[in-house]
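Peer 1: Handing over my_file31.tsv, TSV, C-alpha atoms.
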chain	number	residue	atom	x	y	z
B	1	MET	CA	223.96	84.50	-170.00
B	2	LYS	CA	227.36	85.02	-171.63
B	3	ILE	CA	229.91	82.77	-173.31
B	4	THR	CA	233.03	82.75	-171.16
B	5	ASN	CA	235.35	80.18	-172.73
B	6	ILE	CA	235.74	77.89	-175.75
B	7	GLU	CA	238.20	75.01	-175.71
B	8	CYS	CA	239.00	72.38	-178.34
B	9	PHE	CA	240.32	68.86	-177.77
B	10	ILE	CA	241.89	66.73	-180.49
B	11	VAL	CA	241.15	63.15	-179.48
B	12	PRO	CA	241.71	59.74	-181.06
B	13	PRO	CA	240.87	58.14	-183.34
B	14	ARG	CA	240.50	61.24	-185.59
B	15	TRP	CA	238.10	63.68	-183.93
B	16	CYS	CA	238.02	67.18	-182.47
B	17	PHE	CA	235.61	68.10	-179.67
B	18	LEU	CA	234.66	71.62	-178.58
B	19	LYS	CA	233.57	72.69	-175.10
B	20	MET	CA	231.74	76.00	-174.72
B	21	GLU	CA	231.29	77.43	-171.20
B	22	THR	CA	228.93	80.13	-169.92
B	23	ASP	CA	228.78	82.34	-166.85
B	24	GLU	CA	225.70	80.43	-165.65
B	25	GLY	CA	227.55	77.12	-165.56
B	26	ILE	CA	225.78	75.63	-168.60
B	27	VAL	CA	228.22	73.87	-170.92
B	28	GLY	CA	227.71	72.95	-174.57
B	29	TRP	CA	229.63	70.49	-176.72
B	30	GLY	CA	230.30	70.41	-180.45
B	31	GLU	CA	232.40	68.43	-182.90
B	32	PRO	CA	234.20	70.70	-185.39
B	33	VAL	CA	236.43	68.58	-187.60
B	34	ILE	CA	237.51	67.72	-191.10
B	35	GLU	CA	238.99	64.25	-191.22
B	36	GLY	CA	242.71	64.72	-191.78
B	37	ARG	CA	242.61	68.45	-191.00
B	38	ALA	CA	241.59	68.45	-187.32
B	39	SER	CA	244.32	70.87	-186.22
B	40	THR	CA	243.45	73.31	-189.00
B	41	VAL	CA	239.79	73.36	-187.98
B	42	LYS	CA	240.79	73.79	-184.34
B	43	GLU	CA	242.81	76.85	-185.33
B	44	ALA	CA	239.81	78.22	-187.24
B	45	VAL	CA	237.63	77.81	-184.14
B	46	GLU	CA	240.19	79.74	-182.13
B	47	GLU	CA	240.13	82.55	-184.71
B	48	LEU	CA	236.33	82.79	-184.33
B	49	THR	CA	236.45	82.65	-180.53
B	50	ASP	CA	237.35	86.33	-180.11
B	51	TYR	CA	233.96	87.31	-181.51
B	52	LEU	CA	232.02	84.83	-179.36
B	53	ILE	CA	233.45	85.50	-175.90
B	54	GLY	CA	231.04	87.69	-173.94
B	55	LYS	CA	228.14	87.08	-176.32
B	56	ASP	CA	224.73	85.65	-175.45
B	57	PRO	CA	224.74	81.99	-176.59
B	58	MET	CA	220.98	82.07	-177.17
B	59	ARG	CA	221.29	84.22	-180.30
B	60	ILE	CA	222.23	81.27	-182.50
B	61	GLU	CA	220.95	82.57	-185.82
B	62	ASP	CA	222.73	85.89	-185.39
B	63	HIS	CA	225.98	84.22	-184.39
B	64	TRP	CA	225.79	81.87	-187.37
B	65	ASN	CA	225.24	84.73	-189.79
B	66	THR	CA	227.98	86.84	-188.23
B	67	LEU	CA	230.55	84.05	-188.32
B	68	TYR	CA	229.66	83.28	-191.95
B	69	ARG	CA	228.82	86.67	-193.44
B	70	SER	CA	231.33	88.89	-191.64
B	71	GLY	CA	234.20	87.27	-193.49
B	72	PHE	CA	234.85	88.44	-197.04
B	73	TYR	CA	235.94	84.88	-197.98
B	74	ARG	CA	233.26	82.36	-197.07
B	75	GLY	CA	232.39	78.70	-197.16
B	76	GLY	CA	234.66	75.74	-197.69
B	77	PRO	CA	235.41	72.76	-195.47
B	78	ILE	CA	237.55	74.45	-192.80
B	79	LEU	CA	235.42	77.49	-192.00
B	80	MET	CA	232.12	75.63	-192.25
B	81	SER	CA	233.39	72.83	-190.00
B	82	ALA	CA	234.52	75.37	-187.40
B	83	ILE	CA	231.11	77.06	-187.55
B	84	ALA	CA	229.45	73.62	-187.36
B	85	GLY	CA	231.08	72.69	-184.05
B	86	ILE	CA	230.33	76.10	-182.56
B	87	ASP	CA	226.72	75.87	-183.73
B	88	GLN	CA	226.26	72.42	-182.17
B	89	ALA	CA	227.57	73.70	-178.84
B	90	LEU	CA	225.26	76.73	-178.95
B	91	TRP	CA	222.25	74.49	-179.53
B	92	ASP	CA	223.40	72.15	-176.75
B	93	ILE	CA	223.50	75.11	-174.36
B	94	LYS	CA	220.10	76.35	-175.44
B	95	GLY	CA	218.51	72.93	-175.02
B	96	LYS	CA	220.02	72.56	-171.56
B	97	TYR	CA	218.81	76.05	-170.61
B	98	TYR	CA	215.24	75.12	-171.50
B	99	ASN	CA	215.68	71.53	-170.26
B	100	ALA	CA	214.55	70.19	-173.63
B	101	PRO	CA	216.10	68.22	-176.48
B	102	ILE	CA	217.13	70.38	-179.41
B	103	TYR	CA	214.44	68.89	-181.62
B	104	GLN	CA	211.78	70.44	-179.40
B	105	LEU	CA	213.27	73.86	-180.10
B	106	LEU	CA	213.22	73.14	-183.84
B	107	GLY	CA	209.48	72.54	-183.92
B	108	GLY	CA	209.21	69.13	-182.31
B	109	ALA	CA	209.81	65.61	-183.54
B	110	CYS	CA	208.10	64.01	-186.52
B	111	ARG	CA	209.57	60.57	-185.67
B	112	ASP	CA	210.65	58.66	-182.58
B	113	SER	CA	213.52	56.71	-184.13
B	114	ILE	CA	215.47	56.39	-187.36
B	115	ARG	CA	217.04	53.52	-189.25
B	116	VAL	CA	220.84	53.31	-189.09
B	117	TYR	CA	223.38	51.50	-191.20
B	118	SER	CA	226.69	49.87	-190.41
B	119	TRP	CA	229.91	50.25	-192.39
B	120	ILE	CA	231.44	47.02	-193.70
B	121	GLY	CA	234.89	46.60	-195.19
B	122	GLY	CA	237.78	48.99	-195.14
B	123	ASP	CA	239.25	51.42	-197.63
B	124	ARG	CA	240.12	48.50	-199.89
B	125	PRO	CA	236.97	46.36	-199.82
B	126	SER	CA	237.50	42.67	-199.12
B	127	ASP	CA	235.63	39.93	-197.25
B	128	VAL	CA	232.57	42.16	-197.26
B	129	GLY	CA	230.25	39.16	-197.52
B	130	ASP	CA	231.30	37.90	-194.10
B	131	ALA	CA	231.20	41.44	-192.69
B	132	ALA	CA	227.66	41.85	-193.98
B	133	LYS	CA	226.61	38.62	-192.24
B	134	GLU	CA	228.08	39.94	-188.99
B	135	ALA	CA	226.15	43.20	-189.39
B	136	VAL	CA	222.90	41.26	-189.88
B	137	GLU	CA	223.66	39.16	-186.81
B	138	ALA	CA	224.21	42.41	-184.86
B	139	GLY	CA	220.70	43.54	-185.82
B	140	PHE	CA	221.41	45.94	-188.68
B	141	THR	CA	219.07	45.93	-191.67
B	142	ALA	CA	221.31	48.08	-193.86
B	143	VAL	CA	225.04	48.40	-194.55
B	144	LYS	CA	227.34	50.63	-196.56
B	145	MET	CA	230.56	49.67	-198.28
B	146	ASN	CA	233.16	51.14	-200.59
B	147	ALA	CA	232.49	50.04	-204.15
B	148	THR	CA	236.01	49.89	-205.50
B	149	GLU	CA	239.69	50.42	-205.00
B	150	GLU	CA	241.33	53.09	-207.15
B	151	LEU	CA	240.18	53.37	-210.75
B	152	GLN	CA	241.74	55.20	-213.67
B	153	TYR	CA	239.59	57.44	-215.88
B	154	ILE	CA	239.33	54.43	-218.19
B	155	ASP	CA	240.07	51.17	-216.44
B	156	SER	CA	239.54	47.44	-216.90
B	157	TYR	CA	236.36	45.42	-216.85
B	158	GLU	CA	238.25	43.10	-214.51
B	159	LYS	CA	237.98	45.72	-211.78
B	160	ILE	CA	234.30	46.22	-212.61
B	161	ASP	CA	233.74	42.46	-212.28
B	162	GLN	CA	235.59	42.40	-208.96
B	163	ALA	CA	233.40	45.19	-207.59
B	164	VAL	CA	230.23	43.49	-208.81
B	165	SER	CA	231.24	40.18	-207.22
B	166	ARG	CA	231.71	41.87	-203.84
B	167	ILE	CA	228.28	43.50	-204.01
B	168	ALA	CA	226.81	40.15	-205.03
B	169	ALA	CA	228.29	38.59	-201.88
B	170	VAL	CA	226.78	41.34	-199.74
B	171	ARG	CA	223.37	40.92	-201.38
B	172	GLU	CA	223.49	37.20	-200.64
B	173	ALA	CA	224.36	37.89	-197.00
B	174	LEU	CA	221.60	40.46	-196.54
B	175	GLY	CA	218.89	38.61	-198.43
B	176	ASP	CA	216.59	40.14	-200.99
B	177	TYR	CA	215.57	43.21	-199.02
B	178	GLY	CA	218.47	44.35	-196.84
B	179	GLY	CA	219.67	47.86	-197.65
B	180	ILE	CA	223.03	48.24	-199.41
B	181	GLY	CA	224.63	51.66	-199.74
B	182	ILE	CA	227.50	51.60	-202.24
B	183	ASP	CA	230.01	54.40	-201.79
B	184	PHE	CA	231.94	55.29	-204.95
B	185	HIS	CA	233.84	57.73	-202.68
B	186	GLY	CA	234.66	59.99	-205.60
B	187	ARG	CA	237.21	57.36	-206.68
B	188	VAL	CA	235.39	56.66	-209.91
B	189	HIS	CA	235.55	58.99	-212.89
B	190	LYS	CA	232.55	59.52	-215.16
B	191	PRO	CA	233.38	56.94	-217.87
B	192	MET	CA	233.71	54.08	-215.38
B	193	ALA	CA	230.93	55.35	-213.12
B	194	LYS	CA	228.43	54.92	-215.96
B	195	ILE	CA	229.51	51.32	-216.48
B	196	LEU	CA	229.59	50.44	-212.79
B	197	ALA	CA	226.21	51.99	-212.01
B	198	LYS	CA	224.59	50.02	-214.83
B	199	GLU	CA	226.23	46.74	-213.76
B	200	LEU	CA	225.10	47.14	-210.14
B	201	GLU	CA	221.45	47.76	-210.89
B	202	SER	CA	220.37	44.10	-210.70
B	203	TYR	CA	221.53	43.95	-207.06
B	204	ARG	CA	219.02	46.66	-206.15
B	205	PRO	CA	221.23	48.89	-203.99
B	206	MET	CA	219.66	51.37	-201.61
B	207	PHE	CA	221.81	54.06	-203.24
B	208	ILE	CA	225.13	54.79	-204.93
B	209	GLU	CA	227.07	57.53	-203.16
B	210	GLU	CA	229.35	60.14	-204.70
B	211	PRO	CA	229.46	58.41	-208.09
B	212	VAL	CA	231.71	61.30	-209.12
B	213	LEU	CA	233.57	63.96	-207.19
B	214	PRO	CA	231.38	66.93	-206.19
B	215	GLU	CA	233.42	69.21	-208.42
B	216	ASN	CA	232.15	67.06	-211.30
B	217	ASN	CA	228.47	67.12	-210.30
B	218	GLU	CA	227.47	68.10	-213.84
B	219	ALA	CA	228.20	64.44	-214.74
B	220	LEU	CA	225.30	63.28	-212.54
B	221	LYS	CA	222.92	64.02	-215.41
B	222	GLU	CA	224.61	61.45	-217.62
B	223	ILE	CA	225.02	58.90	-214.82
B	224	ALA	CA	221.35	59.23	-213.88
B	225	ALA	CA	220.47	58.44	-217.48
B	226	HIS	CA	222.31	55.10	-217.19
B	227	THR	CA	220.69	53.78	-214.00
B	228	ASN	CA	217.56	53.75	-211.88
B	229	ILE	CA	219.56	53.35	-208.65
B	230	PRO	CA	218.99	56.36	-206.34
B	231	ILE	CA	221.99	58.72	-206.42
B	232	ALA	CA	223.32	60.19	-203.16
B	233	THR	CA	225.90	62.92	-202.64
B	234	GLY	CA	226.72	65.85	-200.40
B	235	GLU	CA	229.30	64.95	-197.75
B	236	ARG	CA	231.78	67.33	-199.44
B	237	MET	CA	229.31	70.15	-199.86
B	238	TYR	CA	229.24	72.73	-197.10
B	239	SER	CA	226.28	75.10	-197.32
B	240	ARG	CA	222.79	75.60	-198.72
B	241	TRP	CA	224.42	77.48	-201.59
B	242	ASP	CA	226.50	74.42	-202.50
B	243	PHE	CA	223.36	72.27	-202.56
B	244	LYS	CA	221.21	74.75	-204.49
B	245	LYS	CA	222.26	73.73	-208.00
B	246	ILE	CA	222.18	69.95	-207.57
B	247	LEU	CA	218.69	70.21	-206.11
B	248	SER	CA	217.40	72.40	-208.92
B	249	ASP	CA	219.10	70.20	-211.55
B	250	GLY	CA	217.06	67.23	-210.33
B	251	TYR	CA	219.55	64.35	-210.74
B	252	VAL	CA	220.13	63.61	-207.03
B	253	ASP	CA	217.74	61.50	-204.96
B	254	ILE	CA	219.45	61.64	-201.55
B	255	ILE	CA	221.54	64.40	-199.98
B	256	GLN	CA	224.13	63.69	-197.31
B	257	PRO	CA	225.24	66.89	-195.59
B	258	ASP	CA	227.57	66.36	-192.65
B	259	LEU	CA	226.53	68.21	-189.49
B	260	SER	CA	230.19	68.65	-188.50
B	261	HIS	CA	231.16	69.98	-191.95
B	262	ALA	CA	228.15	71.86	-193.32
B	263	GLY	CA	227.54	74.60	-190.77
B	264	GLY	CA	226.02	72.49	-188.01
B	265	ILE	CA	222.42	72.07	-186.93
B	266	THR	CA	221.31	75.52	-188.08
B	267	GLU	CA	222.51	75.10	-191.66
B	268	CYS	CA	221.71	71.41	-192.14
B	269	LYS	CA	218.14	71.90	-190.99
B	270	LYS	CA	217.78	74.48	-193.77
B	271	ILE	CA	219.45	72.20	-196.32
B	272	ALA	CA	217.08	69.39	-195.33
B	273	SER	CA	214.06	71.63	-195.86
B	274	MET	CA	215.38	72.74	-199.25
B	275	ALA	CA	215.71	69.10	-200.28
B	276	GLU	CA	212.21	68.26	-199.09
B	277	ALA	CA	210.84	70.89	-201.47
B	278	TYR	CA	212.48	68.94	-204.34
B	279	ASP	CA	211.22	65.55	-203.06
B	280	VAL	CA	214.80	64.55	-202.20
B	281	ALA	CA	215.59	62.35	-199.21
B	282	LEU	CA	218.01	63.14	-196.37
B	283	ALA	CA	220.68	60.76	-195.01
B	284	PRO	CA	223.23	62.78	-193.02
B	285	HIS	CA	226.87	61.82	-193.39
B	286	CYS	CA	228.45	60.86	-190.04
B	287	PRO	CA	231.52	58.59	-189.86
B	288	LEU	CA	232.53	60.68	-186.83
B	289	GLY	CA	232.15	60.82	-183.06
B	290	PRO	CA	229.26	60.83	-180.59
B	291	ILE	CA	228.65	64.59	-180.60
B	292	ALA	CA	228.27	64.67	-184.37
B	293	LEU	CA	225.91	61.68	-184.26
B	294	ALA	CA	223.79	63.26	-181.53
B	295	ALA	CA	223.52	66.45	-183.63
B	296	CYS	CA	222.43	64.41	-186.66
B	297	LEU	CA	219.72	62.66	-184.68
B	298	GLN	CA	218.30	65.98	-183.47
B	299	VAL	CA	217.89	67.12	-187.09
B	300	ASP	CA	216.64	63.69	-188.20
B	301	ALA	CA	213.89	63.98	-185.60
B	302	THR	CA	212.49	67.09	-187.24
B	303	ALA	CA	213.16	66.40	-190.95
B	304	HIS	CA	210.30	64.62	-192.70
B	305	ASN	CA	212.59	63.52	-195.54
B	306	ALA	CA	215.23	61.87	-193.29
B	307	PHE	CA	215.18	58.11	-193.92
B	308	ILE	CA	218.45	56.65	-192.62
B	309	GLN	CA	221.41	57.76	-190.51
B	310	GLU	CA	225.08	56.90	-190.92
B	311	GLN	CA	226.91	56.03	-187.70
B	312	SER	CA	230.49	54.99	-187.00
B	313	LEU	CA	230.30	52.29	-184.31
B	314	GLY	CA	232.93	49.72	-185.25
B	315	ILE	CA	234.03	51.54	-188.42
B	316	HIS	CA	237.53	50.65	-189.59
B	317	TYR	CA	238.82	54.16	-188.74
B	318	ASN	CA	237.96	53.82	-185.05
B	319	GLU	CA	241.06	51.98	-183.93
B	320	GLY	CA	241.59	52.19	-180.16
B	321	ASN	CA	238.61	54.43	-179.45
B	322	ASP	CA	234.98	54.34	-180.53
B	323	ILE	CA	231.95	56.58	-180.18
B	324	LEU	CA	230.73	55.05	-176.90
B	325	ASP	CA	234.05	55.69	-175.14
B	326	TYR	CA	233.45	59.42	-174.77
B	327	ILE	CA	229.93	59.47	-173.31
B	328	THR	CA	228.79	58.52	-169.81
B	329	ASP	CA	225.65	56.64	-170.90
B	330	PRO	CA	226.27	54.43	-173.95
B	331	SER	CA	222.62	53.27	-173.93
B	332	VAL	CA	221.62	56.55	-175.59
B	333	PHE	CA	222.92	55.03	-178.84
B	334	LEU	CA	221.33	51.61	-178.38
B	335	TYR	CA	220.59	50.13	-181.80
B	336	GLU	CA	217.52	47.87	-181.90
B	337	ASN	CA	216.03	46.24	-185.00
B	338	GLY	CA	218.32	48.32	-187.18
B	339	SER	CA	217.19	51.64	-185.71
B	340	VAL	CA	218.10	54.07	-182.93
B	341	LYS	CA	215.76	56.16	-180.84
B	342	ILE	CA	216.06	59.93	-180.92
B	343	PRO	CA	217.82	61.04	-177.68
B	344	GLU	CA	215.34	62.73	-175.34
B	345	GLY	CA	217.74	64.34	-172.86
B	346	PRO	CA	218.28	68.11	-172.81
B	347	GLY	CA	220.37	69.68	-175.55
B	348	LEU	CA	222.09	67.11	-177.71
B	349	GLY	CA	220.76	64.38	-175.43
B	350	ILE	CA	224.18	62.99	-174.48
B	351	THR	CA	226.55	63.60	-171.58
B	352	VAL	CA	230.17	63.88	-172.67
B	353	ASP	CA	232.71	62.26	-170.35
B	354	GLU	CA	234.98	65.28	-169.96
B	355	ASN	CA	237.55	63.40	-167.91
B	356	LYS	CA	237.93	60.87	-170.73
B	357	VAL	CA	238.14	63.66	-173.29
B	358	ARG	CA	240.91	65.43	-171.39
B	359	GLU	CA	242.78	62.17	-170.82
B	360	MET	CA	242.70	61.23	-174.52
B	361	ALA	CA	243.51	64.79	-175.65
B	362	LYS	CA	246.93	64.28	-174.06
B	363	ILE	CA	247.43	61.56	-176.68
B	364	GLY	CA	245.70	63.39	-179.53
B	365	HIS	CA	246.09	62.23	-183.10
B	366	SER	CA	247.54	63.24	-186.45
B	367	TRP	CA	245.23	61.13	-188.63
B	368	LYS	CA	245.59	61.62	-192.37
B	369	ASN	CA	243.86	59.78	-195.15
B	370	PRO	CA	246.14	57.54	-197.23
B	371	ILE	CA	247.69	58.75	-200.46
B	372	TRP	CA	247.07	56.28	-203.26
B	373	ARG	CA	248.86	56.02	-206.58
B	374	HIS	CA	248.08	54.14	-209.76
B	375	LYS	CA	250.59	51.65	-211.14
B	376	ASP	CA	251.90	54.35	-213.45
B	377	GLY	CA	252.80	56.53	-210.48
B	378	SER	CA	250.02	59.12	-210.89
B	379	VAL	CA	247.99	60.13	-207.85
B	380	ALA	CA	244.72	58.24	-207.45
B	381	GLU	CA	241.54	59.44	-205.78
B	382	TRP	CA	241.10	58.01	-202.30
So that I can check it, write out the structure of this file as structure tokens.

Peer 2:
Amino acid sequence: MKITNIECFIVPPRWCFLKMETDEGIVGWGEPVIEGRASTVKEAVEELTDYLIGKDPMRIEDHWNTLYRSGFYRGGPILMSAIAGIDQALWDIKGKYYNAPIYQLLGGACRDSIRVYSWIGGDRPSDVGDAAKEAVEAGFTAVKMNATEELQYIDSYEKIDQAVSRIAAVREALGDYGGIGIDFHGRVHKPMAKILAKELESYRPMFIEEPVLPENNEALKEIAAHTNIPIATGERMYSRWDFKKILSDGYVDIIQPDLSHAGGITECKKIASMAEAYDVALAPHCPLGPIALAACLQVDATAHNAFIQEQSLGIHYNEGNDILDYITDPSVFLYENGSVKIPEGPGLGITVDENKVREMAKIGHSWKNPIWRHKDGSVAEW
């Protein structure tokens, strides 16, 4: 079997899908994208396509290593996202060839389903208490929210109090034991992160996410000393080499690699196993489309340390199109009692609606994240 064609589709709301064809008629799908840089990742895929055409899609490990190691300059969000989408499509083809879900080819499942959480609130959190109630009514047992708006390196206790009051409202809506993930989103610098983490402890969050930017991960040591809340990070880390130091340092409790950013199924399975050796949990990042979610669930099925899965149904970014719009059988992502079953169909376990993909690719998108500024005019972290 040989790869004959690779095609990318930029589709709303902010995704990029990849279709890989073979001479035996088996087609694989992937989702190579960086939010806000979809066209750049698409171009990177096209640069890698010359190597892949004519190759045997079954040699996934060799293709991964060639795409990564044959370039003198390696890693980073663009290249690793391009490799991720290609890798997902290769695994999809291999699963379809053997008529088995990908998890069977990775050693078999260690779970039948996994807990999922729902996003509440937008980029500027407000009315999250009511949104949390709606999530509970929809059957979710866990939610995630942004902790704050923009914060200066040293900011006011007023903003801390506002953030705490929002989390208090969510805790009231979820009851004593509902899971609350609080995403600092890298918006909070170390001085304020220490204060905020300590203030939030009484609300017993499930985790705090990206309490500082990944380029400031050395600050996690000090933040961990100020709180017992589990610390999560990793959505802006792109390979096992990026994760190596934070795992060995021992200040992170949950890693969140993104299967459309961090080298795909092949790499994230390895990252998950590395984390397990350090007694660190796995919660893959996935505010993306259905292909990315399906890939996450295949890895979740085989990773003993996976405990919850992000998913984007109804997220504030999905204006006009949502994850169920691009697949022929939406029931594959049926959430029941706050969990979703691992898809059992061949490959990724979903069937992409190619007609819908092609129709929406004519519209495309040019989504960019907002640019925020502080009152003094300086650029703020979004």

Peer 1: Taking 4 positions as the minimum chain separation for residues in the same chain, which residues sit within 8 Å of Gln311 in chain B when counting all atoms listed in the file? Answer as a PyMOL selection string.

Peer 2: chain B and resi 116-118+286-288+293

Peer 1: Measuring atom to atom with only C-alpha atoms, identify which of B:Ala361, B:Ile308, B:Met206, B:Met192 is nearest to Tyr153 in chain B.

Peer 2: B:Met192

Peer 1: Could you tell me how far CA of Leu174 in chain B sits from CA of Asp130 in chain B, in Å to one decimal place?

Peer 2: 10.3 Å

Peer 1: Quick check, in Å to one decimal: how far apart do CA of Val170 in chain B and CA of Ala131 in chain B lie?

Peer 2: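 Pair CA of Val170 in chain B / CA of Ala131 in chain B returns 8.3 Å.
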
Peer 1: How many Å separate CA of Asn337 in chain B from CA of Phe140 in chain B?

Peer 2: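 Separation of CA of Asn337 in chain B and CA of Phe140 in chain B: 6.5 Å.
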
Peer 1: Looking at B:Tyr251, B:Phe9, B:Phe307, B:Tyr97, which one is nearest to Asn228 in chain B, with distances taken over all atoms listed in the file?

Peer 2: B:Tyr251

Peer 1: How close does range 263-359 of chain B get to range 64-75 of chain B? List, as a tab-separated table, each residue of range 263-359 of chain B within 10 Å, its nearest atom pair and the distance in Å to one decimal, counting only C-alpha atoms.

Peer 2:
residue	atom	partner	partner_atom	distance
B:Gly263	CA	B:Trp64	CA	8.2
B:Gly264	CA	B:Trp64	CA	9.4
B:Thr266	CA	B:Trp64	CA	7.8
B:Glu267	CA	B:Trp64	CA	8.7

Peer 1: Between B:Met360, B:Leu213, B:Met20, B:Val41, which has the minimum distance to Pro77 in chain B (counting only C-alpha atoms)?

Peer 2: B:Val41

Peer 1: Could I get the residues of range 39-115 of chain B with an atom no further than 9 Å from an atom of range 21-34 of chain B, each paired with its nearest atom pair and that distance in Å to one decimal, using all atoms listed in the file, sorted by chain and residue number, as JSON lines?

Peer 2:
{"residue": "B:Ser39", "atom": "CA", "partner": "B:Val33", "partner_atom": "CA", "distance": 8.3}
{"residue": "B:Thr40", "atom": "CA", "partner": "B:Ile34", "partner_atom": "CA", "distance": 8.4}
{"residue": "B:Val41", "atom": "CA", "partner": "B:Val33", "partner_atom": "CA", "distance": 5.9}
{"residue": "B:Lys42", "atom": "CA", "partner": "B:Pro32", "partner_atom": "CA", "distance": 7.4}
{"residue": "B:Val45", "atom": "CA", "partner": "B:Pro32", "partner_atom": "CA", "distance": 8.0}
{"residue": "B:Gly54", "atom": "CA", "partner": "B:Thr22", "partner_atom": "CA", "distance": 8.8}
{"residue": "B:Asp56", "atom": "CA", "partner": "B:Thr22", "partner_atom": "CA", "distance": 8.9}
{"residue": "B:Pro57", "atom": "CA", "partner": "B:Thr22", "partner_atom": "CA", "distance": 8.1}
{"residue": "B:Pro77", "atom": "CA", "partner": "B:Ile34", "partner_atom": "CA", "distance": 7.0}
{"residue": "B:Ile78", "atom": "CA", "partner": "B:Ile34", "partner_atom": "CA", "distance": 6.9}
{"residue": "B:Met80", "atom": "CA", "partner": "B:Pro32", "partner_atom": "CA", "distance": 8.7}
{"residue": "B:Ser81", "atom": "CA", "partner": "B:Pro32", "partner_atom": "CA", "distance": 5.1}
{"residue": "B:Ala82", "atom": "CA", "partner": "B:Pro32", "partner_atom": "CA", "distance": 5.1}
{"residue": "B:Ile83", "atom": "CA", "partner": "B:Pro32", "partner_atom": "CA", "distance": 7.4}
{"residue": "B:Ala84", "atom": "CA", "partner": "B:Pro32", "partner_atom": "CA", "distance": 5.9}
{"residue": "B:Gly85", "atom": "CA", "partner": "B:Pro32", "partner_atom": "CA", "distance": 3.9}
{"residue": "B:Ile86", "atom": "CA", "partner": "B:Gly30", "partner_atom": "CA", "distance": 6.1}
{"residue": "B:Asp87", "atom": "CA", "partner": "B:Gly30", "partner_atom": "CA", "distance": 7.3}
{"residue": "B:Gln88", "atom": "CA", "partner": "B:Gly30", "partner_atom": "CA", "distance": 4.8}
{"residue": "B:Ala89", "atom": "CA", "partner": "B:Gly28", "partner_atom": "CA", "distance": 4.3}
{"residue": "B:Leu90", "atom": "CA", "partner": "B:Gly28", "partner_atom": "CA", "distance": 6.3}
{"residue": "B:Trp91", "atom": "CA", "partner": "B:Gly28", "partner_atom": "CA", "distance": 7.5}
{"residue": "B:Asp92", "atom": "CA", "partner": "B:Gly28", "partner_atom": "CA", "distance": 4.9}
{"residue": "B:Ile93", "atom": "CA", "partner": "B:Gly28", "partner_atom": "CA", "distance": 4.7}
{"residue": "B:Lys94", "atom": "CA", "partner": "B:Gly28", "partner_atom": "CA", "distance": 8.4}
{"residue": "B:Lys96", "atom": "CA", "partner": "B:Ile26", "partner_atom": "CA", "distance": 7.2}
{"residue": "B:Tyr97", "atom": "CA", "partner": "B:Ile26", "partner_atom": "CA", "distance": 7.3}

Peer 1: Could those residues be written to a file, using C-alpha atoms, as a PDB file, in the coordinates of the input?

Peer 2:
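Saved result, out_3.pdb, follows:
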ATOM      1  CA  SER B  39     244.320  70.870-186.220  1.00  0.00           C
ATOM      2  CA  THR B  40     243.450  73.310-189.000  1.00  0.00           C
ATOM      3  CA  VAL B  41     239.790  73.360-187.980  1.00  0.00           C
ATOM      4  CA  LYS B  42     240.790  73.790-184.340  1.00  0.00           C
ATOM      5  CA  VAL B  45     237.630  77.810-184.140  1.00  0.00           C
ATOM      6  CA  GLY B  54     231.040  87.690-173.940  1.00  0.00           C
ATOM      7  CA  ASP B  56     224.730  85.650-175.450  1.00  0.00           C
ATOM      8  CA  PRO B  57     224.740  81.990-176.590  1.00  0.00           C
ATOM      9  CA  PRO B  77     235.410  72.760-195.470  1.00  0.00           C
ATOM     10  CA  ILE B  78     237.550  74.450-192.800  1.00  0.00           C
ATOM     11  CA  MET B  80     232.120  75.630-192.250  1.00  0.00           C
ATOM     12  CA  SER B  81     233.390  72.830-190.000  1.00  0.00           C
ATOM     13  CA  ALA B  82     234.520  75.370-187.400  1.00  0.00           C
ATOM     14  CA  ILE B  83     231.110  77.060-187.550  1.00  0.00           C
ATOM     15  CA  ALA B  84     229.450  73.620-187.360  1.00  0.00           C
ATOM     16  CA  GLY B  85     231.080  72.690-184.050  1.00  0.00           C
ATOM     17  CA  ILE B  86     230.330  76.100-182.560  1.00  0.00           C
ATOM     18  CA  ASP B  87     226.720  75.870-183.730  1.00  0.00           C
ATOM     19  CA  GLN B  88     226.260  72.420-182.170  1.00  0.00           C
ATOM     20  CA  ALA B  89     227.570  73.700-178.840  1.00  0.00           C
ATOM     21  CA  LEU B  90     225.260  76.730-178.950  1.00  0.00           C
ATOM     22  CA  TRP B  91     222.250  74.490-179.530  1.00  0.00           C
ATOM     23  CA  ASP B  92     223.400  72.150-176.750  1.00  0.00           C
ATOM     24  CA  ILE B  93     223.500  75.110-174.360  1.00  0.00           C
ATOM     25  CA  LYS B  94     220.100  76.350-175.440  1.00  0.00           C
ATOM     26  CA  LYS B  96     220.020  72.560-171.560  1.00  0.00           C
ATOM     27  CA  TYR B  97     218.810  76.050-170.610  1.00  0.00           C
TER      28      TYR B  97
END

Peer 1: Have a look at B:Glu222, B:Val11, B:Pro101, B:Lys133 and name the one nearest to Gly289 in chain B; count all atoms listed in the file.

Peer 2: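 Distance minimum relative to Gly289 in chain B lands on B:Val11.
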
Peer 1: Pick out the closest residue to Lys2 in chain B from this set: B:Lys19, B:Gly186, B:Leu52, B:Glu209. Count all atoms listed in the file.

Peer 2: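 Under the stated criterion, the closest residue is B:Leu52.
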
Peer 1: Residues around (234.1, 84.4, -176.1), cut-off 6 Å, counting only C-alpha atoms - what are they as a VMD selection string?

Peer 2: chain B and resid 3 to 5 49 to 50 52 to 54

Peer 1: Hey, which of B:Asn146, B:Pro230, B:Arg14, B:Asn216 ends up closest to Glu319 in chain B? Count all atoms listed in the file.

Peer 2: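 For Glu319 in chain B, the nearest of the given residues is B:Arg14.
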